file data-v4.cif (mmCIF, C-alpha atoms)
data_my_file
loop_
_atom_site.group_PDB
_atom_site.id
_atom_site.type_symbol
_atom_site.label_atom_id
_atom_site.label_comp_id
_atom_site.auth_asym_id
_atom_site.auth_seq_id
_atom_site.Cartn_x
_atom_site.Cartn_y
_atom_site.Cartn_z
ATOM 1 C CA MET A 1 -31.459 88.058 -40.735
ATOM 2 C CA MET A 2 -28.498 87.710 -38.397
ATOM 3 C CA ASN A 3 -26.308 90.665 -37.650
ATOM 4 C CA ARG A 4 -22.540 90.423 -37.265
ATOM 5 C CA THR A 5 -22.767 89.983 -33.503
ATOM 6 C CA ASP A 6 -25.140 87.042 -33.922
ATOM 7 C CA VAL A 7 -22.778 85.450 -36.425
ATOM 8 C CA PHE A 8 -19.816 86.116 -34.151
ATOM 9 C CA ASN A 9 -21.552 84.487 -31.183
ATOM 10 C CA LYS A 10 -22.456 81.374 -33.174
ATOM 11 C CA VAL A 11 -18.905 81.131 -34.530
ATOM 12 C CA GLN A 12 -17.605 81.398 -30.974
ATOM 13 C CA GLU A 13 -19.867 78.513 -29.967
ATOM 14 C CA ASP A 14 -18.480 76.459 -32.855
ATOM 15 C CA PHE A 15 -14.919 77.202 -31.728
ATOM 16 C CA ARG A 16 -15.806 76.159 -28.176
ATOM 17 C CA GLU A 17 -17.400 72.942 -29.407
ATOM 18 C CA VAL A 18 -14.582 71.904 -31.730
ATOM 19 C CA LEU A 19 -11.741 72.953 -29.441
ATOM 20 C CA GLU A 20 -13.573 71.534 -26.397
ATOM 21 C CA ASP A 21 -13.118 74.722 -24.391
ATOM 22 C CA GLU A 22 -16.347 76.157 -22.976
ATOM 23 C CA GLU A 23 -14.509 79.235 -21.693
ATOM 24 C CA LEU A 24 -12.848 80.147 -24.986
ATOM 25 C CA ILE A 25 -13.203 83.797 -25.978
ATOM 26 C CA ILE A 26 -12.462 84.637 -29.592
ATOM 27 C CA ILE A 27 -11.557 87.990 -31.110
ATOM 28 C CA GLU A 28 -12.001 88.930 -34.761
ATOM 29 C CA ASP A 29 -8.276 89.592 -35.206
ATOM 30 C CA TYR A 30 -7.329 86.138 -33.943
ATOM 31 C CA ASN A 31 -5.868 83.536 -36.257
ATOM 32 C CA SER A 32 -4.566 80.041 -35.617
ATOM 33 C CA GLU A 33 -1.414 81.387 -33.951
ATOM 34 C CA ASP A 34 -3.505 83.030 -31.243
ATOM 35 C CA ILE A 35 -5.570 80.043 -30.106
ATOM 36 C CA ASP A 36 -4.154 76.872 -28.583
ATOM 37 C CA ASP A 37 -5.193 73.683 -30.372
ATOM 38 C CA TRP A 38 -6.325 75.528 -33.534
ATOM 39 C CA ASP A 39 -4.225 73.459 -35.909
ATOM 40 C CA SER A 40 -4.735 72.181 -39.444
ATOM 41 C CA LEU A 41 -6.959 69.292 -38.350
ATOM 42 C CA THR A 42 -9.139 71.270 -35.959
ATOM 43 C CA HIS A 43 -9.416 73.935 -38.663
ATOM 44 C CA ILE A 44 -11.048 71.331 -40.902
ATOM 45 C CA MET A 45 -13.512 70.444 -38.142
ATOM 46 C CA LEU A 46 -14.185 74.140 -37.541
ATOM 47 C CA VAL A 47 -15.147 74.616 -41.177
ATOM 48 C CA VAL A 48 -17.404 71.545 -40.988
ATOM 49 C CA GLU A 49 -19.068 72.851 -37.809
ATOM 50 C CA ILE A 50 -19.533 76.338 -39.259
ATOM 51 C CA GLU A 51 -21.023 74.967 -42.486
ATOM 52 C CA LYS A 52 -23.467 72.905 -40.388
ATOM 53 C CA THR A 53 -24.327 75.770 -38.031
ATOM 54 C CA PHE A 54 -25.114 78.215 -40.814
ATOM 55 C CA ASN A 55 -26.393 75.572 -43.260
ATOM 56 C CA MET A 56 -24.114 76.813 -46.018
ATOM 57 C CA ARG A 57 -21.231 75.453 -48.045
ATOM 58 C CA PHE A 58 -18.004 77.196 -49.005
ATOM 59 C CA LEU A 59 -15.523 76.618 -51.791
ATOM 60 C CA SER A 60 -12.007 75.640 -50.790
ATOM 61 C CA SER A 61 -10.835 78.829 -52.519
ATOM 62 C CA GLU A 62 -13.041 80.905 -50.212
ATOM 63 C CA ILE A 63 -11.664 79.248 -47.107
ATOM 64 C CA SER A 64 -8.085 79.827 -48.145
ATOM 65 C CA ASN A 65 -8.789 83.579 -47.990
ATOM 66 C CA TRP A 66 -9.695 83.450 -44.305
ATOM 67 C CA LYS A 67 -6.718 85.182 -42.702
ATOM 68 C CA ASP A 68 -8.442 85.547 -39.334
ATOM 69 C CA ILE A 69 -11.760 85.036 -37.561
ATOM 70 C CA GLY A 70 -13.061 88.372 -38.858
ATOM 71 C CA ALA A 71 -12.602 87.207 -42.452
ATOM 72 C CA MET A 72 -14.431 84.015 -41.535
ATOM 73 C CA ILE A 73 -17.387 86.007 -40.202
ATOM 74 C CA THR A 74 -17.404 88.312 -43.241
ATOM 75 C CA ALA A 75 -17.521 85.276 -45.526
ATOM 76 C CA ILE A 76 -20.502 83.872 -43.610
ATOM 77 C CA GLU A 77 -22.321 87.218 -43.732
ATOM 78 C CA SER A 78 -21.779 87.521 -47.473
ATOM 79 C CA LYS A 79 -23.378 84.138 -48.258
ATOM 80 C CA MET B 80 -12.836 61.158 -54.242
ATOM 81 C CA ILE B 81 -15.774 63.113 -52.744
ATOM 82 C CA SER B 82 -17.673 62.506 -55.978
ATOM 83 C CA ASN B 83 -17.805 58.810 -55.050
ATOM 84 C CA PHE B 84 -20.168 59.695 -52.205
ATOM 85 C CA LYS B 85 -23.680 61.140 -52.070
ATOM 86 C CA LEU B 86 -25.674 62.519 -49.171
ATOM 87 C CA GLY B 87 -27.904 59.743 -47.855
ATOM 88 C CA ASP B 88 -25.818 56.884 -49.250
ATOM 89 C CA LEU B 89 -26.272 53.753 -47.120
ATOM 90 C CA PHE B 90 -23.743 51.048 -46.302
ATOM 91 C CA GLN B 91 -24.018 47.841 -44.323
ATOM 92 C CA GLN B 92 -21.430 45.365 -43.130
ATOM 93 C CA GLU B 93 -21.801 42.270 -40.942
ATOM 94 C CA PHE B 94 -19.375 41.064 -38.295
ATOM 95 C CA ILE B 95 -19.377 37.891 -36.222
ATOM 96 C CA VAL B 96 -17.980 38.294 -32.730
ATOM 97 C CA SER B 97 -16.139 35.009 -32.747
ATOM 98 C CA GLU B 98 -13.916 33.695 -29.981
ATOM 99 C CA GLU B 99 -10.905 34.023 -32.283
ATOM 100 C CA ILE B 100 -11.577 37.728 -32.900
ATOM 101 C CA VAL B 101 -12.238 38.426 -29.223
ATOM 102 C CA ASN B 102 -9.032 36.661 -28.197
ATOM 103 C CA LYS B 103 -7.040 38.677 -30.733
ATOM 104 C CA PHE B 104 -8.595 41.876 -29.383
ATOM 105 C CA ILE B 105 -7.671 40.891 -25.832
ATOM 106 C CA GLY B 106 -4.162 40.156 -27.073
ATOM 107 C CA VAL B 107 -3.800 43.666 -28.456
ATOM 108 C CA SER B 108 -5.702 45.646 -25.822
ATOM 109 C CA LYS B 109 -4.601 43.589 -22.783
ATOM 110 C CA ASP B 110 -8.088 44.272 -21.366
ATOM 111 C CA LYS B 111 -8.806 41.164 -19.279
ATOM 112 C CA ASN B 112 -11.297 42.747 -16.910
ATOM 113 C CA PRO B 113 -13.337 39.852 -15.442
ATOM 114 C CA LEU B 114 -16.523 41.261 -16.941
ATOM 115 C CA HIS B 115 -14.971 40.444 -20.333
ATOM 116 C CA VAL B 116 -13.355 37.073 -19.608
ATOM 117 C CA ASN B 117 -15.263 35.445 -16.732
ATOM 118 C CA ASP B 118 -18.831 34.210 -17.224
ATOM 119 C CA ASP B 119 -19.496 33.788 -13.494
ATOM 120 C CA PHE B 120 -18.355 37.335 -12.750
ATOM 121 C CA ALA B 121 -20.533 38.699 -15.577
ATOM 122 C CA LYS B 122 -23.562 36.732 -14.301
ATOM 123 C CA GLU B 123 -23.057 38.210 -10.833
ATOM 124 C CA LYS B 124 -23.362 41.616 -12.481
ATOM 125 C CA GLY B 125 -26.640 40.695 -14.157
ATOM 126 C CA PHE B 126 -25.434 39.697 -17.624
ATOM 127 C CA LYS B 127 -26.158 36.329 -19.238
ATOM 128 C CA SER B 128 -22.455 35.725 -19.937
ATOM 129 C CA ARG B 129 -19.228 37.622 -20.322
ATOM 130 C CA VAL B 130 -19.605 40.986 -22.066
ATOM 131 C CA ILE B 131 -17.388 41.641 -25.048
ATOM 132 C CA GLN B 132 -15.265 44.787 -24.907
ATOM 133 C CA GLY B 133 -17.176 47.669 -26.514
ATOM 134 C CA ASN B 134 -14.070 48.975 -28.197
ATOM 135 C CA LEU B 135 -13.969 45.918 -30.423
ATOM 136 C CA GLN B 136 -16.666 47.765 -32.371
ATOM 137 C CA ASN B 137 -14.147 50.522 -33.066
ATOM 138 C CA CYS B 138 -11.967 47.892 -34.749
ATOM 139 C CA PHE B 139 -14.912 46.973 -36.964
ATOM 140 C CA ILE B 140 -15.376 50.669 -37.817
ATOM 141 C CA SER B 141 -11.702 50.896 -38.672
ATOM 142 C CA TYR B 142 -12.088 47.981 -41.084
ATOM 143 C CA PHE B 143 -15.247 49.473 -42.602
ATOM 144 C CA ILE B 144 -13.682 52.887 -43.245
ATOM 145 C CA GLY B 145 -10.363 51.499 -44.413
ATOM 146 C CA GLU B 146 -11.556 48.643 -46.570
ATOM 147 C CA CYS B 147 -15.248 48.870 -47.477
ATOM 148 C CA LEU B 148 -15.824 52.387 -48.816
ATOM 149 C CA PRO B 149 -15.766 53.236 -52.537
ATOM 150 C CA SER B 150 -12.427 55.012 -52.054
ATOM 151 C CA LYS B 151 -9.290 53.980 -50.187
ATOM 152 C CA HIS B 152 -8.003 57.566 -50.110
ATOM 153 C CA VAL B 153 -9.475 58.385 -46.725
ATOM 154 C CA MET B 154 -8.510 58.802 -43.097
ATOM 155 C CA ILE B 155 -10.605 59.056 -39.954
ATOM 156 C CA LEU B 156 -10.706 62.559 -38.451
ATOM 157 C CA SER B 157 -13.020 61.872 -35.550
ATOM 158 C CA GLN B 158 -15.292 59.200 -34.230
ATOM 159 C CA THR B 159 -17.853 58.954 -31.424
ATOM 160 C CA ILE B 160 -19.542 55.901 -29.959
ATOM 161 C CA LYS B 161 -22.350 55.547 -27.412
ATOM 162 C CA TYR B 162 -23.004 52.078 -26.052
ATOM 163 C CA LYS B 163 -26.654 51.064 -25.705
ATOM 164 C CA ASN B 164 -26.611 47.292 -25.138
ATOM 165 C CA PRO B 165 -24.003 44.629 -24.378
ATOM 166 C CA VAL B 166 -22.391 42.355 -26.943
ATOM 167 C CA PHE B 167 -21.913 38.659 -26.190
ATOM 168 C CA LEU B 168 -19.684 36.005 -27.686
ATOM 169 C CA ASN B 169 -20.847 34.772 -31.114
ATOM 170 C CA ASP B 170 -23.284 37.662 -31.633
ATOM 171 C CA THR B 171 -23.647 38.772 -35.244
ATOM 172 C CA LEU B 172 -23.468 42.550 -35.525
ATOM 173 C CA SER B 173 -24.576 44.613 -38.490
ATOM 174 C CA LEU B 174 -22.938 47.991 -38.951
ATOM 175 C CA ASN B 175 -25.416 50.376 -40.598
ATOM 176 C CA VAL B 176 -23.957 53.589 -41.954
ATOM 177 C CA LYS B 177 -25.537 56.618 -43.611
ATOM 178 C CA ILE B 178 -23.796 59.654 -45.087
ATOM 179 C CA SER B 179 -25.182 62.602 -43.123
ATOM 180 C CA GLY B 180 -22.977 65.395 -44.431
ATOM 181 C CA ILE B 181 -20.579 66.192 -47.255
ATOM 182 C CA PHE B 182 -18.230 69.150 -46.829
ATOM 183 C CA SER B 183 -16.390 69.464 -50.121
ATOM 184 C CA SER B 184 -14.519 72.634 -49.132
ATOM 185 C CA VAL B 185 -12.400 70.624 -46.699
ATOM 186 C CA GLY B 186 -12.859 67.159 -48.200
ATOM 187 C CA VAL B 187 -14.827 65.805 -45.249
ATOM 188 C CA ILE B 188 -17.644 63.256 -45.171
ATOM 189 C CA GLU B 189 -19.744 62.719 -42.061
ATOM 190 C CA PHE B 190 -21.445 59.414 -41.312
ATOM 191 C CA ASN B 191 -24.107 58.460 -38.771
ATOM 192 C CA TYR B 192 -23.912 54.816 -37.822
ATOM 193 C CA ASN B 193 -25.255 52.174 -35.519
ATOM 194 C CA PHE B 194 -24.457 48.587 -34.705
ATOM 195 C CA LYS B 195 -27.396 46.192 -34.311
ATOM 196 C CA ASN B 196 -27.251 42.643 -33.030
ATOM 197 C CA HIS B 197 -29.016 39.661 -34.607
ATOM 198 C CA LEU B 198 -32.092 40.431 -32.468
ATOM 199 C CA GLY B 199 -32.359 43.894 -33.993
ATOM 200 C CA GLN B 200 -31.299 45.667 -30.806
ATOM 201 C CA ILE B 201 -29.162 48.762 -31.195
ATOM 202 C CA ILE B 202 -25.807 48.015 -29.606
ATOM 203 C CA SER B 203 -24.198 51.371 -30.162
ATOM 204 C CA ASN B 204 -24.369 54.468 -32.319
ATOM 205 C CA GLY B 205 -22.315 57.502 -33.169
ATOM 206 C CA LYS B 206 -20.720 59.671 -35.814
ATOM 207 C CA ILE B 207 -17.595 59.338 -37.924
ATOM 208 C CA ASN B 208 -15.864 62.085 -39.871
ATOM 209 C CA ILE B 209 -13.424 61.071 -42.567
ATOM 210 C CA LYS B 210 -11.192 63.172 -44.789
ATOM 211 C CA SER B 211 -10.152 62.678 -48.356
ATOM 212 C CA ILE B 212 -6.366 62.326 -48.649
ATOM 213 C CA LEU B 213 -6.231 62.384 -52.444
#
call {"tool": "encode", "arguments": {"input": "data-v4.cif", "output": "structure tokens"}}
result
Amino acid sequence: MMNRTDVFNKVQEDFREVLEDEELIIIEDYNSEDIDDWDSLTHIMLVVEIEKTFNMRFLSSEISNWKDIGAMITAIESK
Amino acid sequence: MISNFKLGDLFQQEFIVSEEIVNKFIGVSKDKNPLHVNDDFAKEKGFKSRVIQGNLQNCFISYFIGECLPSKHVMILSQTIKYKNPVFLNDTLSLNVKISGIFSSVGVIEFNYNFKNHLGQIISNGKINIKSIL
């Protein structure tokens, strides 16, 4: 069972992979306005990468509730 | 649109690397590197004849995604290609594609693919992600 820190670290790796920035540091309060290159298209690829990493699938309605990275991590933990 | 696709679905499409196609590609890309247009130069580099530009395979992928799938309501999000063997004039290439992931939440389908030549050698492989635009 992964704790929130484990989930956070894996999500950070997914962000680094999709945004092609090995140095990227994410914060739970961050949303797309806080990270360069996190646009509508990279958001789609982020969701794909996260679903692959955690071997889970979300509904589009669940994703639309993700107001920031913290909400993303909470959604993963609750699956 | 996503319902038209299932995990593991297989697709195959053949392409002939004819002189006409290669010349059209050179016309668009302007890539006249001697490796691609000069047999003697290519032989000096250890190839049997001129090597066809690898990116011509991306044109074939474009055709496959745009014209050969069960739905036309798609666009390419990302695409990778790793070259394994050279392509020569008049080779017949088969594009072999398998659906490796379906991500309904964001309308994305992921494909693994390879190109093989008529000898069965893998020419290239990679991944393609497409998005439903319905």
call {"tool": "residues_around", "arguments": {"input": "data-v4.cif", "residues": "Asp14 in chain A", "least_positions_apart": "5", "cutoff": "7 Å", "atoms": "all atoms listed in the file", "output": "PDB file with C-alpha atoms, in the frame of the given file"}}
result
ATOM      1  CA  LEU A  46     -14.185  74.140 -37.541  1.00  0.00           C
ATOM      2  CA  GLU A  49     -19.068  72.851 -37.809  1.00  0.00           C
ATOM      3  CA  ILE A  50     -19.533  76.338 -39.259  1.00  0.00           C
TER       4      ILE A  50
END
call {"tool": "atom_distance", "arguments": {"input": "data-v4.cif", "atom1": "CA of Leu24 in chain A", "atom2": "CA of His43 in chain A"}}
result
15.4 Å
call {"tool": "residues_around", "arguments": {"input": "data-v4.cif", "residues": "Val18 in chain A", "least_positions_apart": "2", "cutoff": "12 Å", "atoms": "all atoms listed in the file", "output": "list in words"}}
result
Val11, Gln12, Glu13, Asp14, Phe15, Arg16, Glu20, Asp21, Glu22, Leu24, Asp36, Asp37, Trp38, Asp39, Leu41, Thr42, His43, Ile44, Met45, Leu46, Val47, Val48, Glu49 and Ile50 of chain A; Ser157 of chain B
call {"tool": "residues_around", "arguments": {"input": "data-v4.cif", "residues": "Asn102 in chain B", "least_positions_apart": "2", "cutoff": "12 Å", "atoms": "all atoms listed in the file", "output": "number ranges by chain"}}
result
B: 96-100, 104-111, 115-116, 131-132, 135, 168
call {"tool": "residues_near_point", "arguments": {"input": "data-v4.cif", "point": "(-4.5, 86.7, -35.7)", "cutoff": "12 Å", "atoms": "only C-alpha atoms", "output": "ChimeraX atom specification"}}
result
/A:26-35,38,66-72
call {"tool": "resolve_selection", "arguments": {"input": "data-v4.cif", "expression": "the PyMOL selection byres ((chain B) within 8 of (chain A))", "output": "NGL selection string"}}
result
:B and (156 or 182-185 or 187)
call {"tool": "atom_distance", "arguments": {"input": "data-v4.cif", "atom1": "CA of Leu172 in chain B", "atom2": "CA of Asn208 in chain B"}}
result
21.4 Å
call {"tool": "residues_around", "arguments": {"input": "data-v4.cif", "residues": "Tyr162 in chain B", "least_positions_apart": "6", "cutoff": "10 Å", "atoms": "only C-alpha atoms", "output": "PyMOL selection string"}}
result
chain B and resi 133-134+136+193-194+201-205
